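Enquirer: Contents of final.txt (compact mmCIF, C-alpha atoms) are below:
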# COMPACT_ATOMS: atom_id res chain seq x y z
CA MET A 33 -108.81 -14.95 17.66
CA ALA A 34 -111.42 -17.46 18.69
CA MET A 35 -113.09 -14.94 21.02
CA ALA A 36 -113.13 -12.28 18.29
CA ALA A 37 -114.75 -14.72 15.88
CA LEU A 38 -117.25 -15.69 18.54
CA ARG A 39 -118.13 -12.05 19.05
CA ARG A 40 -118.63 -11.53 15.32
CA GLU A 41 -120.84 -14.57 15.13
CA GLY A 42 -122.77 -13.45 18.17
CA LYS A 43 -123.41 -10.02 16.65
CA ARG A 44 -124.55 -11.62 13.38
CA PHE A 45 -127.01 -13.88 15.11
CA ALA A 46 -128.00 -11.34 17.79
CA PRO A 47 -131.39 -10.58 16.12
CA LEU A 48 -132.34 -14.21 16.72
CA MET A 49 -132.13 -13.68 20.47
CA SER A 50 -135.05 -12.09 22.28
CA SER A 51 -134.34 -8.66 23.81
CA GLN A 52 -136.20 -9.70 26.96
CA SER A 53 -133.74 -12.47 27.76
CA ILE A 54 -130.71 -10.19 27.26
CA ASN A 55 -132.20 -7.46 29.45
CA ALA A 56 -133.01 -10.03 32.11
CA ILE A 57 -129.38 -11.18 32.20
CA ARG A 58 -128.09 -7.58 32.33
CA SER A 59 -130.50 -6.60 35.10
CA SER A 60 -129.59 -9.63 37.17
CA ILE A 61 -125.91 -8.60 37.16
CA VAL A 62 -126.17 -4.78 37.37
CA PRO A 63 -129.48 -3.30 38.59
CA SER A 64 -131.10 -0.84 36.19
CA GLU A 65 -131.43 1.85 38.87
CA GLU A 66 -127.71 1.70 39.57
CA GLN A 67 -126.93 1.88 35.85
CA ALA A 68 -129.11 4.97 35.50
CA SER A 69 -127.60 6.70 38.54
CA LEU A 70 -124.02 6.00 37.55
CA GLY A 71 -124.44 6.33 33.81
CA VAL A 72 -122.23 3.29 33.38
CA ARG A 73 -122.97 2.96 29.69
CA ASN A 74 -121.91 6.55 29.00
CA ILE A 75 -118.76 6.86 31.13
CA SER A 76 -115.41 6.12 29.52
CA THR A 77 -112.90 4.46 31.81
CA GLN A 78 -110.16 6.51 30.17
CA VAL A 79 -111.93 9.75 31.15
CA VAL A 80 -112.23 8.57 34.75
CA ARG A 81 -108.56 7.52 34.82
CA ASN A 82 -107.48 10.94 33.55
CA ARG A 83 -109.65 12.63 36.16
CA MET A 84 -108.15 10.47 38.92
CA LYS A 85 -104.63 11.28 37.72
CA SER A 86 -105.37 15.03 37.78
CA ILE A 87 -106.77 14.88 41.32
CA LYS A 88 -103.74 12.89 42.53
CA ASN A 89 -101.45 15.58 41.14
CA ILE A 90 -103.50 18.30 42.83
CA GLN A 91 -103.35 16.40 46.11
CA LYS A 92 -99.56 16.20 45.88
CA ILE A 93 -99.38 19.97 45.32
CA THR A 94 -101.67 20.80 48.26
CA LYS A 95 -99.69 18.51 50.58
CA ALA A 96 -96.44 20.14 49.50
CA MET A 97 -97.91 23.63 50.03
CA LYS A 98 -99.04 22.63 53.52
CA MET A 99 -95.51 21.52 54.40
CA VAL A 100 -94.00 24.74 53.02
CA ALA A 101 -96.51 26.83 54.99
CA ALA A 102 -95.68 24.91 58.18
CA SER A 103 -91.98 25.57 57.66
CA LYS A 104 -92.53 29.31 57.07
CA LEU A 105 -94.84 29.53 60.09
CA ARG A 106 -92.16 28.14 62.41
CA GLN A 107 -89.70 30.74 61.13
CA VAL A 108 -92.03 33.72 61.52
CA GLN A 109 -93.80 32.72 64.73
CA SER A 110 -90.80 33.09 67.02
CA THR A 111 -89.99 36.52 65.55
CA ALA A 112 -93.59 37.65 65.98
CA GLU A 113 -93.68 36.55 69.62
CA ASN A 114 -90.45 38.44 70.34
CA SER A 115 -91.73 41.58 68.57
CA ARG A 116 -94.64 41.91 71.00
CA GLY A 117 -92.28 43.34 73.57
CA LEU A 118 -91.45 46.29 71.30
CA TRP A 119 -94.83 48.00 71.11
CA GLN A 120 -96.16 47.16 74.58
CA PRO A 121 -94.11 49.87 76.38
CA PHE A 122 -95.46 52.46 73.94
CA THR A 123 -99.01 51.32 74.63
CA ALA A 124 -98.34 51.68 78.35
CA LEU A 125 -96.93 55.18 77.85
CA LEU A 126 -98.98 56.67 75.02
CA GLY A 127 -101.96 54.36 75.12
CA ASP A 128 -104.02 52.89 72.30
CA THR A 129 -107.08 55.08 71.76
CA PRO A 130 -109.17 53.82 68.81
CA SER A 131 -112.04 56.09 69.86
CA VAL A 132 -110.04 59.31 69.43
CA ASP A 133 -111.86 61.81 67.21
CA VAL A 134 -109.54 63.48 64.68
CA LYS A 135 -109.93 65.06 61.27
CA LYS A 136 -107.39 63.18 59.15
CA ASN A 137 -107.54 59.40 59.50
CA VAL A 138 -105.42 56.89 57.60
CA VAL A 139 -106.42 53.21 57.61
CA VAL A 140 -103.35 50.99 57.13
CA THR A 141 -104.63 47.66 55.81
CA ILE A 142 -102.19 44.72 56.02
CA SER A 143 -102.83 41.70 53.80
CA SER A 144 -100.90 39.03 51.92
CA ASP A 145 -99.47 39.09 48.42
CA LYS A 146 -100.60 35.54 47.64
CA GLY A 147 -103.92 33.72 47.92
CA LEU A 148 -104.94 30.19 48.91
CA CYS A 149 -105.06 31.16 52.59
CA GLY A 150 -108.76 31.11 53.41
CA GLY A 151 -110.64 34.28 54.31
CA ILE A 152 -107.81 36.12 56.03
CA ASN A 153 -107.60 38.88 53.41
CA SER A 154 -111.36 39.31 53.12
CA THR A 155 -111.53 39.73 56.90
CA SER A 156 -108.93 42.51 56.84
CA VAL A 157 -110.75 44.30 54.02
CA LYS A 158 -114.12 44.09 55.80
CA VAL A 159 -112.68 45.53 59.02
CA SER A 160 -110.86 48.25 57.05
CA ARG A 161 -114.05 49.29 55.29
CA ALA A 162 -115.89 49.43 58.61
CA VAL A 163 -113.14 51.57 60.21
CA HIS A 164 -113.07 53.84 57.14
CA LYS A 165 -116.84 54.29 57.30
CA LEU A 166 -116.77 55.11 61.02
CA ASN A 167 -114.09 57.77 60.55
CA SER A 168 -115.61 59.39 57.45
CA GLY A 169 -117.88 62.40 57.51
CA PRO A 170 -118.40 65.97 56.30
CA ASP A 171 -115.67 67.30 58.59
CA LYS A 172 -113.41 64.24 58.44
CA GLU A 173 -111.07 62.76 55.87
CA ALA A 174 -110.21 59.07 55.69
CA LYS A 175 -107.65 57.47 53.36
CA TYR A 176 -106.22 54.00 52.79
CA VAL A 177 -102.63 52.82 52.91
CA ILE A 178 -102.47 49.23 51.66
CA LEU A 179 -99.73 46.72 52.36
CA GLY A 180 -100.21 43.60 50.22
CA GLU A 181 -101.67 42.91 46.80
CA LYS A 182 -104.81 41.03 47.88
CA ALA A 183 -106.30 43.93 49.83
CA LYS A 184 -105.45 46.27 46.96
CA VAL A 185 -107.38 44.11 44.48
CA GLN A 186 -110.50 44.23 46.66
CA LEU A 187 -110.37 47.86 47.80
CA ILE A 188 -109.56 49.29 44.38
CA ARG A 189 -112.99 48.24 43.10
CA ASP A 190 -115.00 50.73 45.17
CA SER A 191 -112.39 52.92 46.92
CA ARG A 192 -109.87 53.78 44.23
CA LYS A 193 -109.97 57.52 44.97
CA ASN A 194 -109.37 56.94 48.71
CA ILE A 195 -106.17 54.90 48.27
CA GLU A 196 -103.26 57.14 49.22
CA LEU A 197 -100.43 54.60 48.99
CA SER A 198 -100.04 50.93 48.07
CA ILE A 199 -97.01 48.73 48.77
CA GLY A 200 -96.61 45.11 47.68
CA GLU A 201 -94.20 42.17 47.92
CA LEU A 202 -93.68 42.52 51.66
CA GLN A 203 -92.55 38.93 52.12
CA LYS A 204 -90.32 38.69 49.08
CA ASN A 205 -87.44 38.68 51.56
CA PRO A 206 -87.51 37.49 55.20
CA LEU A 207 -89.20 40.12 57.36
CA ASN A 208 -86.98 42.18 59.65
CA TYR A 209 -87.20 45.47 61.50
CA THR A 210 -84.97 47.32 59.03
CA GLN A 211 -87.28 46.50 56.15
CA VAL A 212 -90.46 47.45 58.02
CA SER A 213 -88.96 50.66 59.43
CA ALA A 214 -88.14 51.73 55.85
CA LEU A 215 -91.81 51.15 54.95
CA ALA A 216 -92.87 53.18 58.00
CA ASP A 217 -90.61 56.07 56.93
CA GLU A 218 -92.09 56.00 53.43
CA ILE A 219 -95.63 56.16 54.86
CA LEU A 220 -94.74 59.00 57.23
CA LYS A 221 -93.14 61.03 54.43
CA ASN A 222 -95.95 60.61 51.88
CA VAL A 223 -99.10 60.62 54.02
CA GLU A 224 -100.56 63.37 56.19
CA PHE A 225 -102.48 62.09 59.20
CA ASP A 226 -103.75 62.81 62.66
CA ALA A 227 -104.26 59.14 63.47
CA LEU A 228 -103.00 55.93 61.85
CA ARG A 229 -105.35 52.98 62.30
CA ILE A 230 -103.55 49.72 61.54
CA VAL A 231 -105.78 46.77 60.63
CA TYR A 232 -104.22 43.31 60.75
CA ASN A 233 -104.90 39.71 61.83
CA LYS A 234 -103.43 38.76 65.18
CA PHE A 235 -102.10 35.21 65.32
CA VAL A 236 -103.66 32.98 67.99
CA SER A 237 -103.07 29.45 66.71
CA VAL A 238 -102.74 27.56 63.45
CA VAL A 239 -106.51 27.43 63.05
CA SER A 240 -107.39 30.75 64.67
CA PHE A 241 -106.66 34.44 64.13
CA VAL A 242 -108.34 37.60 65.43
CA PRO A 243 -108.87 40.80 63.38
CA SER A 244 -107.18 43.57 65.36
CA LEU A 245 -106.88 47.36 65.27
CA SER A 246 -104.01 49.47 66.60
CA THR A 247 -104.06 53.27 66.68
CA VAL A 248 -100.99 55.50 66.43
CA LEU A 249 -101.48 59.23 66.89
CA SER A 250 -99.46 61.97 65.26
CA PRO A 251 -97.10 64.04 67.51
CA GLU A 252 -99.44 67.04 67.29
CA THR A 253 -102.43 64.94 68.31
CA VAL A 254 -100.50 63.38 71.19
CA GLU A 255 -99.47 66.81 72.46
CA ARG A 256 -103.01 68.10 72.15
CA GLU A 257 -104.44 65.08 73.96
CA SER A 258 -101.85 65.36 76.74
CA GLU A 259 -102.74 69.00 77.30
CA ALA A 260 -106.41 68.04 77.47
CA GLY A 261 -105.62 65.62 80.33
CA GLY A 262 -106.77 62.04 80.61
CA ARG A 263 -104.32 59.17 80.25
CA LEU A 264 -101.92 61.14 78.05
CA GLY A 265 -101.85 63.92 80.63
CA ALA A 266 -99.37 61.82 82.65
CA LEU A 267 -96.67 62.63 80.09
CA ASP A 268 -96.03 65.93 81.88
CA SER A 269 -94.90 64.03 84.97
CA TYR A 270 -91.82 62.70 83.15
CA GLU A 271 -88.58 64.65 83.25
CA ILE A 272 -86.98 65.62 79.95
CA GLU A 273 -83.21 65.30 79.79
CA GLY A 274 -81.05 66.90 77.15
CA GLY A 275 -81.74 69.85 74.94
CA GLU A 276 -84.75 68.40 73.13
CA THR A 277 -88.12 70.02 73.53
CA LYS A 278 -91.33 68.18 74.32
CA SER A 279 -92.47 68.46 70.68
CA GLU A 280 -89.27 66.86 69.40
CA ILE A 281 -89.50 64.02 71.91
CA LEU A 282 -93.13 63.35 70.98
CA GLN A 283 -92.13 63.38 67.30
CA ASN A 284 -89.46 60.75 67.89
CA LEU A 285 -91.73 58.66 70.14
CA SER A 286 -94.56 58.74 67.62
CA GLU A 287 -92.35 57.65 64.72
CA PHE A 288 -90.68 54.90 66.74
CA GLN A 289 -94.05 53.71 68.04
CA PHE A 290 -95.44 53.48 64.51
CA SER A 291 -92.46 51.47 63.23
CA CYS A 292 -92.66 49.05 66.19
CA VAL A 293 -96.43 48.59 65.96
CA LEU A 294 -96.21 48.14 62.18
CA PHE A 295 -93.41 45.59 62.56
CA ASN A 296 -95.46 43.53 65.00
CA ALA A 297 -98.62 43.85 62.88
CA VAL A 298 -96.84 42.65 59.72
CA LEU A 299 -95.37 39.66 61.57
CA GLU A 300 -98.68 38.76 63.23
CA ASN A 301 -100.43 38.93 59.87
CA ALA A 302 -97.71 36.78 58.26
CA CYS A 303 -98.19 34.12 60.97
CA SER A 304 -101.95 34.21 60.47
CA GLU A 305 -101.48 33.88 56.71
CA GLN A 306 -99.29 30.79 56.97
CA GLY A 307 -101.59 29.21 59.56
CA ALA A 308 -104.64 29.86 57.38
CA ARG A 309 -102.80 28.44 54.36
CA MET A 310 -101.94 25.29 56.31
CA SER A 311 -105.60 24.80 57.23
CA ALA A 312 -106.78 25.51 53.68
CA MET A 313 -104.29 23.09 52.11
CA ASP A 314 -105.12 20.40 54.68
CA SER A 315 -108.82 20.73 53.83
CA SER A 316 -108.01 20.62 50.11
CA SER A 317 -105.95 17.45 50.55
CA ARG A 318 -108.77 15.76 52.45
CA ASN A 319 -111.32 16.80 49.83
CA ALA A 320 -109.06 15.46 47.08
CA GLY A 321 -108.80 12.14 48.94
CA GLU A 322 -112.59 11.90 49.25
CA MET A 323 -113.02 12.70 45.56
CA LEU A 324 -110.46 10.03 44.68
CA ASP A 325 -112.41 7.46 46.68
CA ARG A 326 -115.62 8.33 44.82
CA LEU A 327 -113.90 8.26 41.44
CA THR A 328 -112.24 4.92 42.24
CA LEU A 329 -115.65 3.46 43.05
CA THR A 330 -117.09 4.90 39.84
CA TYR A 331 -114.14 3.57 37.83
CA ASN A 332 -114.52 0.06 39.27
CA ARG A 333 -118.25 0.04 38.61
CA THR A 334 -117.77 1.34 35.08
CA ARG A 335 -115.15 -1.30 34.38
CA GLN A 336 -117.39 -3.98 35.85
CA ALA A 337 -120.27 -2.79 33.70
CA SER A 338 -118.06 -2.94 30.61
CA ILE A 339 -116.99 -6.49 31.43
CA THR A 340 -120.60 -7.43 32.09
CA THR A 341 -121.65 -6.08 28.68
CA GLU A 342 -118.93 -8.08 26.96
CA LEU A 343 -119.98 -11.24 28.81
CA ILE A 344 -123.58 -10.69 27.74
CA GLU A 345 -122.51 -10.33 24.12
CA ILE A 346 -120.42 -13.52 24.35
CA ILE A 347 -123.28 -15.45 25.96
CA SER A 348 -125.68 -14.10 23.34
CA GLY A 349 -123.35 -15.19 20.55
CA ALA A 350 -122.85 -18.60 22.06
CA SER A 351 -126.59 -19.08 22.48
CA ALA A 352 -127.15 -18.04 18.89
CA LEU A 353 -124.59 -20.57 17.66
CA GLU A 354 -126.15 -23.33 19.72
CA GLY A 355 -129.59 -22.43 18.39
Turn the structure described in the file into structure tokens.
Expert:
Amino acid sequence: MAMAALRREGKRFAPLMSSQSINAIRSSIVPSEEQASLGVRNISTQVVRNRMKSIKNIQKITKAMKMVAASKLRQVQSTAENSRGLWQPFTALLGDTPSVDVKKNVVVTISSDKGLCGGINSTSVKVSRAVHKLNSGPDKEAKYVILGEKAKVQLIRDSRKNIELSIGELQKNPLNYTQVSALADEILKNVEFDALRIVYNKFVSVVSFVPSLSTVLSPETVERESEAGGRLGALDSYEIEGGETKSEILQNLSEFQFSCVLFNAVLENACSEQGARMSAMDSSSRNAGEMLDRLTLTYNRTRQASITTELIEIISGASALEG
């Protein structure tokens, strides 16, 4: 009560005080340059507190997302490493020939269904566009098959007419070979191709992934290339047992190769996604911490400036009463 009365008296007698003396006291406590840079007279402490509370909540979310991504990465990484042994025998037998020149090309772009994982999806889309451009021409046909919503959103802007098939929600359930082989069957039934070019991100480490391209040829193309000689010409040296013809065996090999390569590519891309999300959430948490430090400093300075202003008013009122 006494302080409130003193403030009222100080305000009533404030005109009796010289403005120079008040400014001198204020400048001696808080420099004018610092007041101008911080805007201490215009910042509400309540606004700063609300901002700090929001950033703390965001930091909690990013830390939780990092932990979830780390848990998912551990689950998928072991499966991806084991899946590498599936497609390697096919590469040794049929080869991986990205430079093969065929008429009908299908670019299978693998991406994620969710964001907040850095530039992993943009990288896949850029490589897919480059592969599509290289295999397009007056005598060639190139189409897209998209696995994942993020690549679909980007490619649909300028390549809507070239999208042959789009499949989403790949990781709604834990990835397994049965699920991916069903996707491979759907692609084989609905898309005509001479060569499938699978674009994905190969997992290297938590902070590193490499855009990769795998090529799977159709049975007709494999048979044609084997007759032409080269690496695929060695297929004639193998003995065929049973009643199946060479065309039937190549058909089965091509389909099984595609399902195995697609399974590995989806797992590698899933590992890269979780690793990129871990890195992105870690960076976000650090940035939130730095922003909190700056806001805490601003809040303390604003509060100090408010206290300083009140002290100046009290001193001014007391001086006016003494005068």
Enquirer: Met97 of chain A: which residues within 9 Å, counting all atoms listed in the file, same-chain residues fewer than 4 positions away excluded, as a list in words?
Expert: Lys92, Ile93, Ala101, Ala102, Arg309, Met310 and Met313 of chain A
Enquirer: Taking 2 positions as the minimum chain separation for residues in the same chain, which residues sit within 8 Å of segment 130-147 of chain A when counting all atoms listed in the file? Answer as a PyMOL selection string.
Expert: chain A and resi 128+149-150+152-153+156-157+160+163-164+167+171-183+200-203+224-232+245-247+297-298+301-302+305
Enquirer: Can I get the selection written as an mmCIF file, in the coordinates of the input, with C-alpha atoms?
Expert:
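Saved to part-v2.cif:
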data_model
loop_
_atom_site.group_PDB
_atom_site.id
_atom_site.type_symbol
_atom_site.label_atom_id
_atom_site.label_comp_id
_atom_site.auth_asym_id
_atom_site.auth_seq_id
_atom_site.Cartn_x
_atom_site.Cartn_y
_atom_site.Cartn_z
ATOM 1 C CA ASP A 128 -104.020 52.890 72.300
ATOM 2 C CA CYS A 149 -105.060 31.160 52.590
ATOM 3 C CA GLY A 150 -108.760 31.110 53.410
ATOM 4 C CA ILE A 152 -107.810 36.120 56.030
ATOM 5 C CA ASN A 153 -107.600 38.880 53.410
ATOM 6 C CA SER A 156 -108.930 42.510 56.840
ATOM 7 C CA VAL A 157 -110.750 44.300 54.020
ATOM 8 C CA SER A 160 -110.860 48.250 57.050
ATOM 9 C CA VAL A 163 -113.140 51.570 60.210
ATOM 10 C CA HIS A 164 -113.070 53.840 57.140
ATOM 11 C CA ASN A 167 -114.090 57.770 60.550
ATOM 12 C CA ASP A 171 -115.670 67.300 58.590
ATOM 13 C CA LYS A 172 -113.410 64.240 58.440
ATOM 14 C CA GLU A 173 -111.070 62.760 55.870
ATOM 15 C CA ALA A 174 -110.210 59.070 55.690
ATOM 16 C CA LYS A 175 -107.650 57.470 53.360
ATOM 17 C CA TYR A 176 -106.220 54.000 52.790
ATOM 18 C CA VAL A 177 -102.630 52.820 52.910
ATOM 19 C CA ILE A 178 -102.470 49.230 51.660
ATOM 20 C CA LEU A 179 -99.730 46.720 52.360
ATOM 21 C CA GLY A 180 -100.210 43.600 50.220
ATOM 22 C CA GLU A 181 -101.670 42.910 46.800
ATOM 23 C CA LYS A 182 -104.810 41.030 47.880
ATOM 24 C CA ALA A 183 -106.300 43.930 49.830
ATOM 25 C CA GLY A 200 -96.610 45.110 47.680
ATOM 26 C CA GLU A 201 -94.200 42.170 47.920
ATOM 27 C CA LEU A 202 -93.680 42.520 51.660
ATOM 28 C CA GLN A 203 -92.550 38.930 52.120
ATOM 29 C CA GLU A 224 -100.560 63.370 56.190
ATOM 30 C CA PHE A 225 -102.480 62.090 59.200
ATOM 31 C CA ASP A 226 -103.750 62.810 62.660
ATOM 32 C CA ALA A 227 -104.260 59.140 63.470
ATOM 33 C CA LEU A 228 -103.000 55.930 61.850
ATOM 34 C CA ARG A 229 -105.350 52.980 62.300
ATOM 35 C CA ILE A 230 -103.550 49.720 61.540
ATOM 36 C CA VAL A 231 -105.780 46.770 60.630
ATOM 37 C CA TYR A 232 -104.220 43.310 60.750
ATOM 38 C CA LEU A 245 -106.880 47.360 65.270
ATOM 39 C CA SER A 246 -104.010 49.470 66.600
ATOM 40 C CA THR A 247 -104.060 53.270 66.680
ATOM 41 C CA ALA A 297 -98.620 43.850 62.880
ATOM 42 C CA VAL A 298 -96.840 42.650 59.720
ATOM 43 C CA ASN A 301 -100.430 38.930 59.870
ATOM 44 C CA ALA A 302 -97.710 36.780 58.260
ATOM 45 C CA GLU A 305 -101.480 33.880 56.710
#
Enquirer: Rounded to one decimal, what separation in Å do you get between atom CA of Asn208 of chain A and atom CA of Phe288 of chain A?
Expert: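 That distance, rounded to one decimal, is 15.0 Å.
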Enquirer: What does the structure give for the distance between atom CA of Ser237 of chain A and atom CA of Ile87 of chain A, in Å to one decimal?
Expert: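 One can read the atom CA of Ser237 of chain A to atom CA of Ile87 of chain A distance as 29.5 Å.
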Enquirer: Using Å and a single decimal, report how far atom CA of Asn82 of chain A sits from atom CA of Glu345 of chain A.
Expert: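 Atom CA of Asn82 of chain A lies 27.7 Å from atom CA of Glu345 of chain A.
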Enquirer: Could you check the closest approach to Glu196 of chain A for each of A:Asn222, A:Thr129, A:Gln91, A:Ser213 and tell me which residue wins, using only C-alpha atoms?
Expert: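 Nearest candidate to Glu196 of chain A out of A:Asn222, A:Thr129, A:Gln91, A:Ser213: A:Asn222.
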Enquirer: If you count all atoms listed in the file, which residues fall within 12 Å of Asp217 of chain A, apart from same-chain ones fewer than 6 positions away, as a PDB file with C-alpha atoms, keeping the file's coordinate frame?
Expert:
ATOM      1  CA  THR A 210     -84.970  47.320  59.030  1.00  0.00           C
ATOM      2  CA  GLN A 211     -87.280  46.500  56.150  1.00  0.00           C
ATOM      3  CA  VAL A 223     -99.100  60.620  54.020  1.00  0.00           C
ATOM      4  CA  ASN A 284     -89.460  60.750  67.890  1.00  0.00           C
ATOM      5  CA  SER A 286     -94.560  58.740  67.620  1.00  0.00           C
ATOM      6  CA  GLU A 287     -92.350  57.650  64.720  1.00  0.00           C
ATOM      7  CA  PHE A 288     -90.680  54.900  66.740  1.00  0.00           C
ATOM      8  CA  GLN A 289     -94.050  53.710  68.040  1.00  0.00           C
ATOM      9  CA  PHE A 290     -95.440  53.480  64.510  1.00  0.00           C
ATOM     10  CA  SER A 291     -92.460  51.470  63.230  1.00  0.00           C
ATOM     11  CA  CYS A 292     -92.660  49.050  66.190  1.00  0.00           C
ATOM     12  CA  LEU A 294     -96.210  48.140  62.180  1.00  0.00           C
TER      13      LEU A 294
END
Enquirer: Leaving out Arg116 of chain A and any residue of its chain fewer than 6 positions from it, which residues lie within 12 Å of it when counting all atoms listed in the file, given as a ChimeraX atom specification?
Expert: /A:109-110,122-123,234-235,292-300
Enquirer: Nearest residue to Leu148 of chain A out of A:Glu342, A:Gln283, A:Ala214, A:Thr94, using all atoms listed in the file?
Expert: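 Of the candidates, the smallest distance to Leu148 of chain A is held by A:Thr94.
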Enquirer: For Arg106 of chain A, which residue among A:Ser191, A:Gly307, A:Val185, A:Ser86 is the nearest when counting all atoms listed in the file?
Expert: A:Gly307
Enquirer: So, counting all atoms listed in the file, which residue among A:Ser304, A:Glu218, A:Lys193, A:Glu276 is closest to Ser240 of chain A?
Expert: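 Looking only at the distances to Ser240 of chain A, the closest residue turns out to be A:Ser304.
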Enquirer: Rank A:Ile90, A:Met99, A:Leu105, A:Leu285 by their smallest atom-to-atom distance to Leu125 of chain A, using only C-alpha atoms, and report the top residue only.
Expert: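 Selected residue with least distance to Leu125 of chain A: A:Leu285.
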Enquirer: For segment 298-313 of chain A, I'd like the enclosing box, axis-aligned and padded by 8 Å on every side, reported as lines of an AutoDock Vina configuration file with centre and edge lengths in Å to one decimal.
Expert:
center_x = -101.1
center_y = 32.9
center_z = 57.7
size_x = 27.4
size_y = 35.6
size_z = 27.1
Enquirer: Restricting the calculation to all atoms listed in the file, which member of A:Ile219, A:Ala352, A:Val100, A:Val239 is positioned closest to Ser315 of chain A?
Expert: A:Val239
Enquirer: Which protein, DNA or RNA residues are at most 9 Å from (-99.8, 63.4, 69.9) in the file's coordinates when you count all atoms listed in the file, listed as a compact mmCIF listing (two decimals) with C-alpha atoms, in the coordinates of the input?
Expert:
# COMPACT_ATOMS: atom_id res chain seq x y z
CA LEU A 126 -98.98 56.67 75.02
CA ASP A 226 -103.75 62.81 62.66
CA ALA A 227 -104.26 59.14 63.47
CA VAL A 248 -100.99 55.50 66.43
CA LEU A 249 -101.48 59.23 66.89
CA SER A 250 -99.46 61.97 65.26
CA PRO A 251 -97.10 64.04 67.51
CA GLU A 252 -99.44 67.04 67.29
CA THR A 253 -102.43 64.94 68.31
CA VAL A 254 -100.50 63.38 71.19
CA GLU A 255 -99.47 66.81 72.46
CA ARG A 256 -103.01 68.10 72.15
CA GLU A 257 -104.44 65.08 73.96
CA SER A 258 -101.85 65.36 76.74
CA LEU A 264 -101.92 61.14 78.05
CA SER A 279 -92.47 68.46 70.68
CA LEU A 282 -93.13 63.35 70.98
CA GLN A 283 -92.13 63.38 67.30
CA SER A 286 -94.56 58.74 67.62
